[in-house]
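Coordinates from model21.txt are shown below (compact mmCIF, C-alpha atoms and all ligand atoms).
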```txt
# COMPACT_ATOMS: atom_id res chain seq x y z
CA MET A 1 90.05 60.10 98.83
CA ALA A 2 89.05 61.46 102.22
CA GLU A 3 90.76 64.63 103.38
CA MET A 4 89.79 64.53 107.02
CA GLY A 5 91.48 62.44 109.61
CA ILE A 6 89.43 59.29 109.92
CA SER A 7 91.84 56.54 109.17
CA LYS A 8 89.94 53.51 110.43
CA ASN A 9 88.52 51.23 107.73
CA LEU A 10 89.00 53.76 104.93
CA LYS A 11 90.70 51.09 102.87
CA GLY A 12 87.42 49.23 102.15
CA LYS A 13 85.93 49.29 98.66
CA ILE A 14 82.94 51.31 99.82
CA PHE A 15 85.22 54.27 100.56
CA GLU A 16 86.53 54.59 97.00
CA PRO A 17 83.94 57.21 95.95
CA VAL A 18 84.62 59.36 99.01
CA GLU A 19 85.85 62.82 98.03
CA LEU A 20 85.63 64.89 101.22
CA ILE A 21 84.27 63.97 104.62
CA LEU A 22 81.83 66.69 105.71
CA TYR A 23 80.74 65.19 109.04
CA THR A 24 82.45 62.42 110.95
CA GLU A 25 80.66 59.74 112.93
CA GLU A 26 81.55 61.58 116.12
CA GLN A 27 80.17 64.91 114.86
CA ILE A 28 76.95 63.24 113.72
CA GLU A 29 76.52 61.46 117.05
CA GLN A 30 77.05 64.66 119.01
CA ARG A 31 74.59 66.67 116.92
CA ILE A 32 71.93 63.95 117.07
CA GLU A 33 72.25 63.81 120.84
CA GLU A 34 71.50 67.56 120.98
CA MET A 35 68.52 67.16 118.64
CA GLY A 36 67.15 64.27 120.69
CA ARG A 37 67.39 66.32 123.86
CA GLN A 38 65.53 69.23 122.23
CA ILE A 39 62.78 67.00 120.84
CA SER A 40 62.34 65.28 124.23
CA LYS A 41 61.77 68.70 125.77
CA ASP A 42 59.46 69.99 123.03
CA PHE A 43 57.22 66.91 122.94
CA ALA A 44 57.02 66.07 126.64
CA GLY A 45 53.49 64.93 127.52
CA LYS A 46 52.43 64.62 123.86
CA ASP A 47 51.49 61.57 121.81
CA LEU A 48 54.55 61.54 119.57
CA LEU A 49 54.69 59.63 116.30
CA VAL A 50 58.01 59.66 114.47
CA ILE A 51 57.63 59.00 110.74
CA CYS A 52 60.85 57.92 109.06
CA VAL A 53 61.10 58.55 105.32
CA LEU A 54 62.65 55.45 103.80
CA LYS A 55 65.25 54.60 102.95
CA GLY A 56 67.67 57.46 103.48
CA ALA A 57 66.51 58.50 106.95
CA LEU A 58 66.82 54.98 108.37
CA TYR A 59 70.19 55.48 110.10
CA PHE A 60 69.40 59.01 111.25
CA THR A 61 66.02 58.03 112.69
CA ALA A 62 67.36 54.93 114.46
CA ASP A 63 70.07 57.01 116.14
CA LEU A 64 67.84 60.00 116.85
CA ILE A 65 65.05 58.12 118.63
CA ARG A 66 67.60 56.49 120.92
CA HIS A 67 68.35 60.00 122.17
CA ILE A 68 64.68 60.81 122.77
CA ASP A 69 63.75 59.93 126.33
CA ILE A 70 59.96 60.32 126.14
CA PRO A 71 57.52 57.66 124.87
CA LEU A 72 57.02 57.60 121.09
CA SER A 73 55.80 55.40 118.25
CA LEU A 74 57.73 54.83 115.07
CA ASP A 75 56.39 54.30 111.57
CA PHE A 76 57.78 54.33 108.04
CA ILE A 77 56.74 55.90 104.78
CA ALA A 78 58.44 55.77 101.38
CA VAL A 79 58.28 58.05 98.38
CA THR A 80 60.19 58.11 95.13
CA SER A 81 63.04 60.59 95.09
CA TYR A 82 66.16 60.75 92.97
CA GLY A 83 66.05 57.26 91.51
CA ASN A 84 69.27 56.65 89.63
CA SER A 85 70.11 60.26 88.97
CA THR A 86 71.66 63.02 91.04
CA THR A 87 69.03 65.55 90.05
CA THR A 88 65.45 65.52 91.24
CA SER A 89 62.63 64.63 88.85
CA GLY A 90 60.34 66.94 90.78
CA ILE A 91 57.72 64.23 90.98
CA ALA A 92 56.94 62.47 94.23
CA ARG A 93 54.96 59.25 94.48
CA LEU A 94 54.03 57.22 97.56
CA THR A 95 55.58 53.75 97.42
CA LYS A 96 54.92 52.66 101.01
CA ASP A 97 52.19 54.01 103.27
CA LEU A 98 52.02 54.21 107.07
CA GLU A 99 50.58 51.52 109.31
CA GLU A 100 49.73 53.91 112.16
CA ASP A 101 46.70 56.19 112.32
CA VAL A 102 47.92 59.80 112.54
CA GLU A 103 44.67 61.53 113.52
CA GLY A 104 45.11 63.78 116.55
CA ARG A 105 48.77 62.83 117.00
CA HIS A 106 51.92 64.93 117.14
CA ILE A 107 54.06 63.98 114.16
CA ILE A 108 57.73 64.43 113.43
CA ILE A 109 58.75 63.51 109.90
CA THR A 110 62.40 62.48 109.84
CA GLU A 111 64.21 62.91 106.53
CA ASP A 112 67.81 62.44 105.43
CA ILE A 113 68.12 65.63 103.39
CA LEU A 114 65.91 68.52 102.33
CA ASP A 115 66.91 69.69 98.89
CA THR A 116 64.28 71.30 96.66
CA GLY A 117 61.71 70.49 99.36
CA LEU A 118 59.34 68.87 96.84
CA THR A 119 59.34 65.49 98.57
CA MET A 120 58.63 67.04 101.96
CA GLU A 121 55.93 69.32 100.60
CA TYR A 122 54.22 66.31 99.08
CA LEU A 123 54.44 64.35 102.34
CA VAL A 124 53.21 67.20 104.54
CA ASN A 125 50.24 67.81 102.25
CA LEU A 126 49.42 64.11 102.23
CA LEU A 127 49.59 63.77 106.02
CA LYS A 128 47.64 66.98 106.67
CA LEU A 129 44.63 65.34 105.02
CA ARG A 130 44.66 62.75 107.84
CA ASN A 131 44.17 65.38 110.57
CA PRO A 132 47.20 65.07 112.83
CA ALA A 133 47.42 67.47 115.80
CA ASP A 134 50.69 68.84 114.49
CA ILE A 135 53.42 68.12 111.90
CA LYS A 136 57.07 68.99 112.46
CA ILE A 137 59.91 68.39 110.01
CA CYS A 138 63.25 67.06 111.21
CA THR A 139 66.06 66.67 108.69
CA MET A 140 69.63 65.52 109.14
CA LEU A 141 70.85 67.77 106.31
CA ASP A 142 69.44 70.95 104.86
CA LYS A 143 70.56 72.07 101.39
CA THR A 144 68.91 75.48 101.64
CA SER A 145 70.32 76.88 98.40
CA ARG A 146 68.23 74.58 96.21
CA ARG A 147 64.86 75.05 97.94
CA ILE A 148 62.02 75.82 95.52
CA THR A 149 59.15 75.21 97.95
CA LYS A 150 58.07 76.66 101.29
CA ALA A 151 59.05 73.45 103.11
CA ALA A 152 60.96 74.61 106.19
CA PRO A 153 62.45 72.20 108.72
CA ASP A 154 61.83 72.64 112.46
CA TYR A 155 64.93 70.60 113.40
CA VAL A 156 68.12 70.53 111.31
CA GLY A 157 71.27 68.50 111.90
CA PHE A 158 73.56 70.41 109.56
CA THR A 159 73.08 72.98 106.81
CA ILE A 160 75.22 72.10 103.80
CA PRO A 161 76.19 73.82 100.55
CA GLU A 162 75.14 72.57 97.13
CA HIS A 163 77.02 69.27 96.89
CA PHE A 164 75.88 65.76 96.17
CA VAL A 165 76.55 63.85 99.37
CA VAL A 166 76.45 60.19 100.37
CA GLY A 167 76.80 58.11 103.51
CA TYR A 168 74.92 57.77 106.76
CA GLY A 169 71.86 56.59 104.84
CA LEU A 170 72.29 58.69 101.71
CA ASP A 171 72.86 56.68 98.53
CA HIS A 172 74.27 56.91 95.05
CA LYS A 173 72.29 54.67 92.71
CA HIS A 174 71.03 52.72 95.75
CA ARG A 175 74.52 52.02 97.04
CA PHE A 176 76.92 53.47 99.61
CA ARG A 177 74.25 54.14 102.27
CA HIS A 178 76.38 52.28 104.80
CA ILE A 179 79.34 54.64 104.59
CA PRO A 180 79.30 55.64 108.28
CA PHE A 181 80.01 59.36 107.79
CA ILE A 182 78.62 62.08 105.49
CA CYS A 183 80.84 62.89 102.53
CA THR A 184 80.86 64.40 99.06
CA PHE A 185 80.94 61.98 96.16
CA ARG A 186 83.86 61.91 93.69
CA LYS A 187 82.61 63.34 90.39
CA ASP A 188 85.01 61.17 88.44
CA PHE A 189 83.87 58.00 90.19
CA ASP A 190 83.14 55.25 87.72
CA ASP A 191 80.40 52.91 88.92
CA GLU A 192 82.15 50.03 87.27
CA GLU A 193 85.13 50.57 89.57
CA ILE A 194 83.62 48.35 92.24
P1 LIG B 201 63.91 67.05 97.44
O1 LIG B 201 62.56 66.54 97.13
O2 LIG B 201 63.97 67.90 98.69
O3 LIG B 201 64.53 67.76 96.27
O4 LIG B 201 64.84 65.83 97.64
C1 LIG B 201 64.75 65.00 98.70
C2 LIG B 201 65.38 63.66 98.40
O5 LIG B 201 66.36 63.73 97.35
C3 LIG B 201 66.12 63.19 99.61
O6 LIG B 201 65.29 62.45 100.46
C4 LIG B 201 67.22 62.35 99.01
O7 LIG B 201 66.80 61.04 98.81
C5 LIG B 201 67.50 62.99 97.65
N1 LIG B 201 68.69 63.87 97.71
C6 LIG B 201 68.72 65.22 97.67
N2 LIG B 201 69.99 65.68 97.74
C7 LIG B 201 70.77 64.59 97.84
C8 LIG B 201 72.19 64.40 97.98
O8 LIG B 201 73.01 65.32 98.02
N3 LIG B 201 72.61 63.11 98.07
C9 LIG B 201 71.76 62.05 98.03
N4 LIG B 201 72.31 60.84 98.15
N5 LIG B 201 70.43 62.19 97.91
C10 LIG B 201 69.94 63.45 97.82
```

If you took the structure in this file and wrote it as structure tokens, what would it be?
Amino acid sequence: MAEMGISKNLKGKIFEPVELILYTEEQIEQRIEEMGRQISKDFAGKDLLVICVLKGALYFTADLIRHIDIPLSLDFIAVTSYGNSTTTSGIARLTKDLEEDVEGRHIIITEDILDTGLTMEYLVNLLKLRNPADIKICTMLDKTSRRITKAAPDYVGFTIPEHFVVGYGLDHKHRFRHIPFICTFRKDFDDEEI
């Protein structure tokens, strides 16, 4: 169970797979506020389009844009990632395209976690073909040790070691996204437990 001192609500079933809390709700909120301030400064006067990579970056993006105090548009894109496994297949496929036109616009792609970088590389290459003015990468978590591509984020919430993490949008077999903090996942957790 959790080793850090968040006692509220930890009795719920969704907390059973929690091994170690890496970042609390308060730490996440504070870091996102800083990132929002930086992005507001960097993109002042530009036509900003935030592209949220579904589904993992949903929580991060919703919180981040509320700390950006310049006008922006929001759109969503989805690609296949881990599926039901905890290791990447290395193959990305678009499952939901944008509604907005990106030509000539300043883009920030918001992602939950950058691991091998394959998903981000695929997305950046795809969006480049549509002639945006600029593409920046903003990730809540950066697992630098597993990078096998040149994908390099411009904005990073936290750099983490090589652990499988869940919560704050990150899933395990499509569940546990709504754990409000970021934590490591118990290796001995049996999916049938809940
Ligand atoms: P990449 O293509 O960079 O290897 O992987 C990116 C995607 O893999 C992320 O968007 C995320 O969905 C998934 N992923 C990578 N590491 C983790 C992790 O530690 N936990 C979870 N839940 N998903 C991860």

Contacts to ligand LIG 201 (chain B) at 6 Å cut-off (all atoms listed in the file) as an mmCIF file with C-alpha atoms, in the frame of the given file:
```cif
data_model
loop_
_atom_site.group_PDB
_atom_site.id
_atom_site.type_symbol
_atom_site.label_atom_id
_atom_site.label_comp_id
_atom_site.auth_asym_id
_atom_site.auth_seq_id
_atom_site.Cartn_x
_atom_site.Cartn_y
_atom_site.Cartn_z
ATOM 1 C CA GLY A 56 67.670 57.460 103.480
ATOM 2 C CA SER A 81 63.040 60.590 95.090
ATOM 3 C CA TYR A 82 66.160 60.750 92.970
ATOM 4 C CA THR A 88 65.450 65.520 91.240
ATOM 5 C CA ASP A 112 67.810 62.440 105.430
ATOM 6 C CA ILE A 113 68.120 65.630 103.390
ATOM 7 C CA LEU A 114 65.910 68.520 102.330
ATOM 8 C CA ASP A 115 66.910 69.690 98.890
ATOM 9 C CA THR A 116 64.280 71.300 96.660
ATOM 10 C CA GLY A 117 61.710 70.490 99.360
ATOM 11 C CA LEU A 118 59.340 68.870 96.840
ATOM 12 C CA THR A 119 59.340 65.490 98.570
ATOM 13 C CA HIS A 163 77.020 69.270 96.890
ATOM 14 C CA PHE A 164 75.880 65.760 96.170
ATOM 15 C CA VAL A 165 76.550 63.850 99.370
ATOM 16 C CA VAL A 166 76.450 60.190 100.370
ATOM 17 C CA LEU A 170 72.290 58.690 101.710
ATOM 18 C CA ASP A 171 72.860 56.680 98.530
ATOM 19 C CA HIS A 172 74.270 56.910 95.050
#
```

_I'd like to know which of A:Asn125, A:Thr95, A:Thr139, A:Thr149 is closest to Arg31 of chain A, using only C-alpha atoms._
A:Thr139

*What is the atom CA of His67 of chain A-atom CA of Glu99 of chain A distance in Å, reported with one decimal?*
23.5 Å

_Which residue is closest to Leu141 of chain A? Choose from A:Ser40, A:Gln30, A:Thr159, A:Thr80 and count all atoms listed in the file._
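Closest to Leu141 of chain A of all the choices is A:Thr159.
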
*Which of these residues is nearest to Val50 of chain A, using only C-alpha atoms: A:Tyr155, A:Phe15, A:Tyr23, A:Phe76?*
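Going through A:Tyr155, A:Phe15, A:Tyr23, A:Phe76 one by one, the smallest distance to Val50 of chain A is for A:Phe76.
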
*What is the atom CA of Lys187 of chain A to atom CA of Glu19 of chain A distance in Å?*
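Computed distance, atom CA of Lys187 of chain A to atom CA of Glu19 of chain A, equals 8.3 Å.
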
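For the set A:Ile39, A:Ile32, A:Met120, A:Leu49, the residue with the smallest atom-to-atom gap to Ala62 of chain A is A:Ile32, counting only C-alpha atoms.
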
Using all atoms listed in the file, tabulate the residues of segment 29-97 of chain A lying at most 12 Å from any atom of segment 127-131 of chain A, each with its closest atom pair and that distance in Å to one decimal, by chain and increasing residue number, as CSV.
```
residue,atom,partner,partner_atom,distance
A:Ile51,CA,A:Leu127,CA,10.5
A:Ile77,CA,A:Leu127,CA,10.7
A:Leu94,CA,A:Leu127,CA,11.6
A:Asp97,CA,A:Leu127,CA,10.5
```

*Would you be able to write out as a ChimeraX atom specification which residues have an atom within 12 Å of (71.2, 65.9, 112.7) in the file's coordinates, counting all atoms listed in the file?*
/A:23-39,57,59-65,67,110-114,137-142,153-160,168,182

Those residues you just picked out, can you put them in a file as an mmCIF file, in the frame of the given file with C-alpha atoms?
```
data_model
loop_
_atom_site.group_PDB
_atom_site.id
_atom_site.type_symbol
_atom_site.label_atom_id
_atom_site.label_comp_id
_atom_site.auth_asym_id
_atom_site.auth_seq_id
_atom_site.Cartn_x
_atom_site.Cartn_y
_atom_site.Cartn_z
ATOM 1 C CA TYR A 23 80.740 65.190 109.040
ATOM 2 C CA THR A 24 82.450 62.420 110.950
ATOM 3 C CA GLU A 25 80.660 59.740 112.930
ATOM 4 C CA GLU A 26 81.550 61.580 116.120
ATOM 5 C CA GLN A 27 80.170 64.910 114.860
ATOM 6 C CA ILE A 28 76.950 63.240 113.720
ATOM 7 C CA GLU A 29 76.520 61.460 117.050
ATOM 8 C CA GLN A 30 77.050 64.660 119.010
ATOM 9 C CA ARG A 31 74.590 66.670 116.920
ATOM 10 C CA ILE A 32 71.930 63.950 117.070
ATOM 11 C CA GLU A 33 72.250 63.810 120.840
ATOM 12 C CA GLU A 34 71.500 67.560 120.980
ATOM 13 C CA MET A 35 68.520 67.160 118.640
ATOM 14 C CA GLY A 36 67.150 64.270 120.690
ATOM 15 C CA ARG A 37 67.390 66.320 123.860
ATOM 16 C CA GLN A 38 65.530 69.230 122.230
ATOM 17 C CA ILE A 39 62.780 67.000 120.840
ATOM 18 C CA ALA A 57 66.510 58.500 106.950
ATOM 19 C CA TYR A 59 70.190 55.480 110.100
ATOM 20 C CA PHE A 60 69.400 59.010 111.250
ATOM 21 C CA THR A 61 66.020 58.030 112.690
ATOM 22 C CA ALA A 62 67.360 54.930 114.460
ATOM 23 C CA ASP A 63 70.070 57.010 116.140
ATOM 24 C CA LEU A 64 67.840 60.000 116.850
ATOM 25 C CA ILE A 65 65.050 58.120 118.630
ATOM 26 C CA HIS A 67 68.350 60.000 122.170
ATOM 27 C CA THR A 110 62.400 62.480 109.840
ATOM 28 C CA GLU A 111 64.210 62.910 106.530
ATOM 29 C CA ASP A 112 67.810 62.440 105.430
ATOM 30 C CA ILE A 113 68.120 65.630 103.390
ATOM 31 C CA LEU A 114 65.910 68.520 102.330
ATOM 32 C CA ILE A 137 59.910 68.390 110.010
ATOM 33 C CA CYS A 138 63.250 67.060 111.210
ATOM 34 C CA THR A 139 66.060 66.670 108.690
ATOM 35 C CA MET A 140 69.630 65.520 109.140
ATOM 36 C CA LEU A 141 70.850 67.770 106.310
ATOM 37 C CA ASP A 142 69.440 70.950 104.860
ATOM 38 C CA PRO A 153 62.450 72.200 108.720
ATOM 39 C CA ASP A 154 61.830 72.640 112.460
ATOM 40 C CA TYR A 155 64.930 70.600 113.400
ATOM 41 C CA VAL A 156 68.120 70.530 111.310
ATOM 42 C CA GLY A 157 71.270 68.500 111.900
ATOM 43 C CA PHE A 158 73.560 70.410 109.560
ATOM 44 C CA THR A 159 73.080 72.980 106.810
ATOM 45 C CA ILE A 160 75.220 72.100 103.800
ATOM 46 C CA TYR A 168 74.920 57.770 106.760
ATOM 47 C CA ILE A 182 78.620 62.080 105.490
#
```

*asked:* Could you tell me how far atom CA of Val53 of chain A sits from atom CA of Val18 of chain A, in Å to one decimal place?
replied: 24.4 Å

*Contacts of Glu100 of chain A within 9 Å, all atoms listed in the file, excl. fewer than 5 positions in-chain, as an MDAnalysis selection string*: chainID A and resid 49 73:75

_For a quick check of understanding, using only C-alpha atoms, which of A:Leu58, A:Leu22, A:Ala133, A:Ala44 has the smallest distance to Asp101 of chain A?_
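Using only C-alpha atoms, Asp101 of chain A sits closest to A:Ala133.
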
_With distances taken over all atoms listed in the file, which residue among A:Pro17, A:Pro161, A:Pro132, A:Ala92 lies nearest Asp190 of chain A?_
A:Pro17

Restrict the output to segment 154-184 of chain A and N, CA and C atoms, then write it as a short mmCIF file (atom, residue, chain, number, x, y, z; two decimals), in the first residue's frame.
```cif
data_model
loop_
_atom_site.label_atom_id
_atom_site.label_comp_id
_atom_site.auth_asym_id
_atom_site.auth_seq_id
_atom_site.Cartn_x
_atom_site.Cartn_y
_atom_site.Cartn_z
N ASP A 154 9.82 19.64 -24.65
CA ASP A 154 10.17 21.03 -24.36
C ASP A 154 9.72 21.42 -22.96
N TYR A 155 8.67 20.76 -22.47
CA TYR A 155 8.16 21.01 -21.12
C TYR A 155 7.95 19.66 -20.44
N VAL A 156 8.50 19.52 -19.24
CA VAL A 156 8.40 18.25 -18.50
C VAL A 156 7.90 18.52 -17.08
N GLY A 157 6.89 17.76 -16.67
CA GLY A 157 6.42 17.87 -15.28
C GLY A 157 7.46 17.29 -14.34
N PHE A 158 7.67 15.97 -14.47
CA PHE A 158 8.63 15.28 -13.61
C PHE A 158 9.38 14.22 -14.43
N THR A 159 10.67 14.08 -14.15
CA THR A 159 11.45 13.00 -14.76
C THR A 159 11.44 11.83 -13.78
N ILE A 160 11.06 10.65 -14.29
CA ILE A 160 10.94 9.50 -13.38
C ILE A 160 11.85 8.34 -13.81
N PRO A 161 12.22 7.49 -12.85
CA PRO A 161 13.01 6.31 -13.21
C PRO A 161 12.14 5.25 -13.89
N GLU A 162 12.76 4.14 -14.25
CA GLU A 162 12.07 3.11 -15.02
C GLU A 162 11.11 2.29 -14.15
N HIS A 163 9.91 2.80 -13.97
CA HIS A 163 8.87 2.10 -13.21
C HIS A 163 7.60 2.17 -14.02
N PHE A 164 6.73 1.20 -13.86
CA PHE A 164 5.41 1.30 -14.46
C PHE A 164 4.53 2.06 -13.48
N VAL A 165 3.99 3.19 -13.93
CA VAL A 165 3.22 4.05 -13.03
C VAL A 165 1.77 4.16 -13.49
N VAL A 166 0.90 4.44 -12.55
CA VAL A 166 -0.52 4.65 -12.86
C VAL A 166 -1.02 5.87 -12.10
N GLY A 167 -2.24 6.28 -12.44
CA GLY A 167 -2.89 7.39 -11.76
C GLY A 167 -2.75 8.69 -12.52
N TYR A 168 -3.59 9.64 -12.19
CA TYR A 168 -3.61 10.94 -12.82
C TYR A 168 -3.65 10.79 -14.36
N GLY A 169 -4.51 9.88 -14.80
CA GLY A 169 -4.70 9.67 -16.24
C GLY A 169 -4.05 8.40 -16.76
N LEU A 170 -3.00 7.95 -16.10
CA LEU A 170 -2.29 6.76 -16.58
C LEU A 170 -3.01 5.49 -16.12
N ASP A 171 -3.14 4.54 -17.03
CA ASP A 171 -3.95 3.34 -16.75
C ASP A 171 -3.13 2.07 -16.59
N HIS A 172 -3.82 1.06 -16.09
CA HIS A 172 -3.33 -0.32 -16.19
C HIS A 172 -4.50 -1.11 -16.76
N LYS A 173 -4.32 -1.64 -17.94
CA LYS A 173 -5.40 -2.36 -18.64
C LYS A 173 -6.69 -1.54 -18.66
N HIS A 174 -6.55 -0.27 -18.99
CA HIS A 174 -7.68 0.67 -19.13
C HIS A 174 -8.35 1.05 -17.82
N ARG A 175 -7.77 0.66 -16.71
CA ARG A 175 -8.38 1.03 -15.44
C ARG A 175 -7.39 1.85 -14.61
N PHE A 176 -7.90 2.37 -13.53
CA PHE A 176 -7.11 3.11 -12.52
C PHE A 176 -6.65 4.51 -12.96
N ARG A 177 -7.18 5.02 -14.07
CA ARG A 177 -6.80 6.37 -14.49
C ARG A 177 -7.20 7.40 -13.45
N HIS A 178 -8.28 7.13 -12.73
CA HIS A 178 -8.83 8.13 -11.81
C HIS A 178 -8.21 8.09 -10.42
N ILE A 179 -7.15 7.32 -10.23
CA ILE A 179 -6.36 7.49 -9.00
C ILE A 179 -5.81 8.92 -9.07
N PRO A 180 -6.03 9.73 -8.04
CA PRO A 180 -5.73 11.17 -8.19
C PRO A 180 -4.26 11.56 -8.13
N PHE A 181 -3.40 10.62 -7.73
CA PHE A 181 -1.96 10.92 -7.66
C PHE A 181 -1.21 9.98 -8.59
N ILE A 182 0.11 10.16 -8.70
CA ILE A 182 0.92 9.30 -9.57
C ILE A 182 1.67 8.31 -8.69
N CYS A 183 1.51 7.02 -8.99
CA CYS A 183 2.10 6.01 -8.12
C CYS A 183 2.65 4.84 -8.91
N THR A 184 3.50 4.05 -8.28
CA THR A 184 3.94 2.80 -8.92
C THR A 184 2.87 1.74 -8.65
#
```
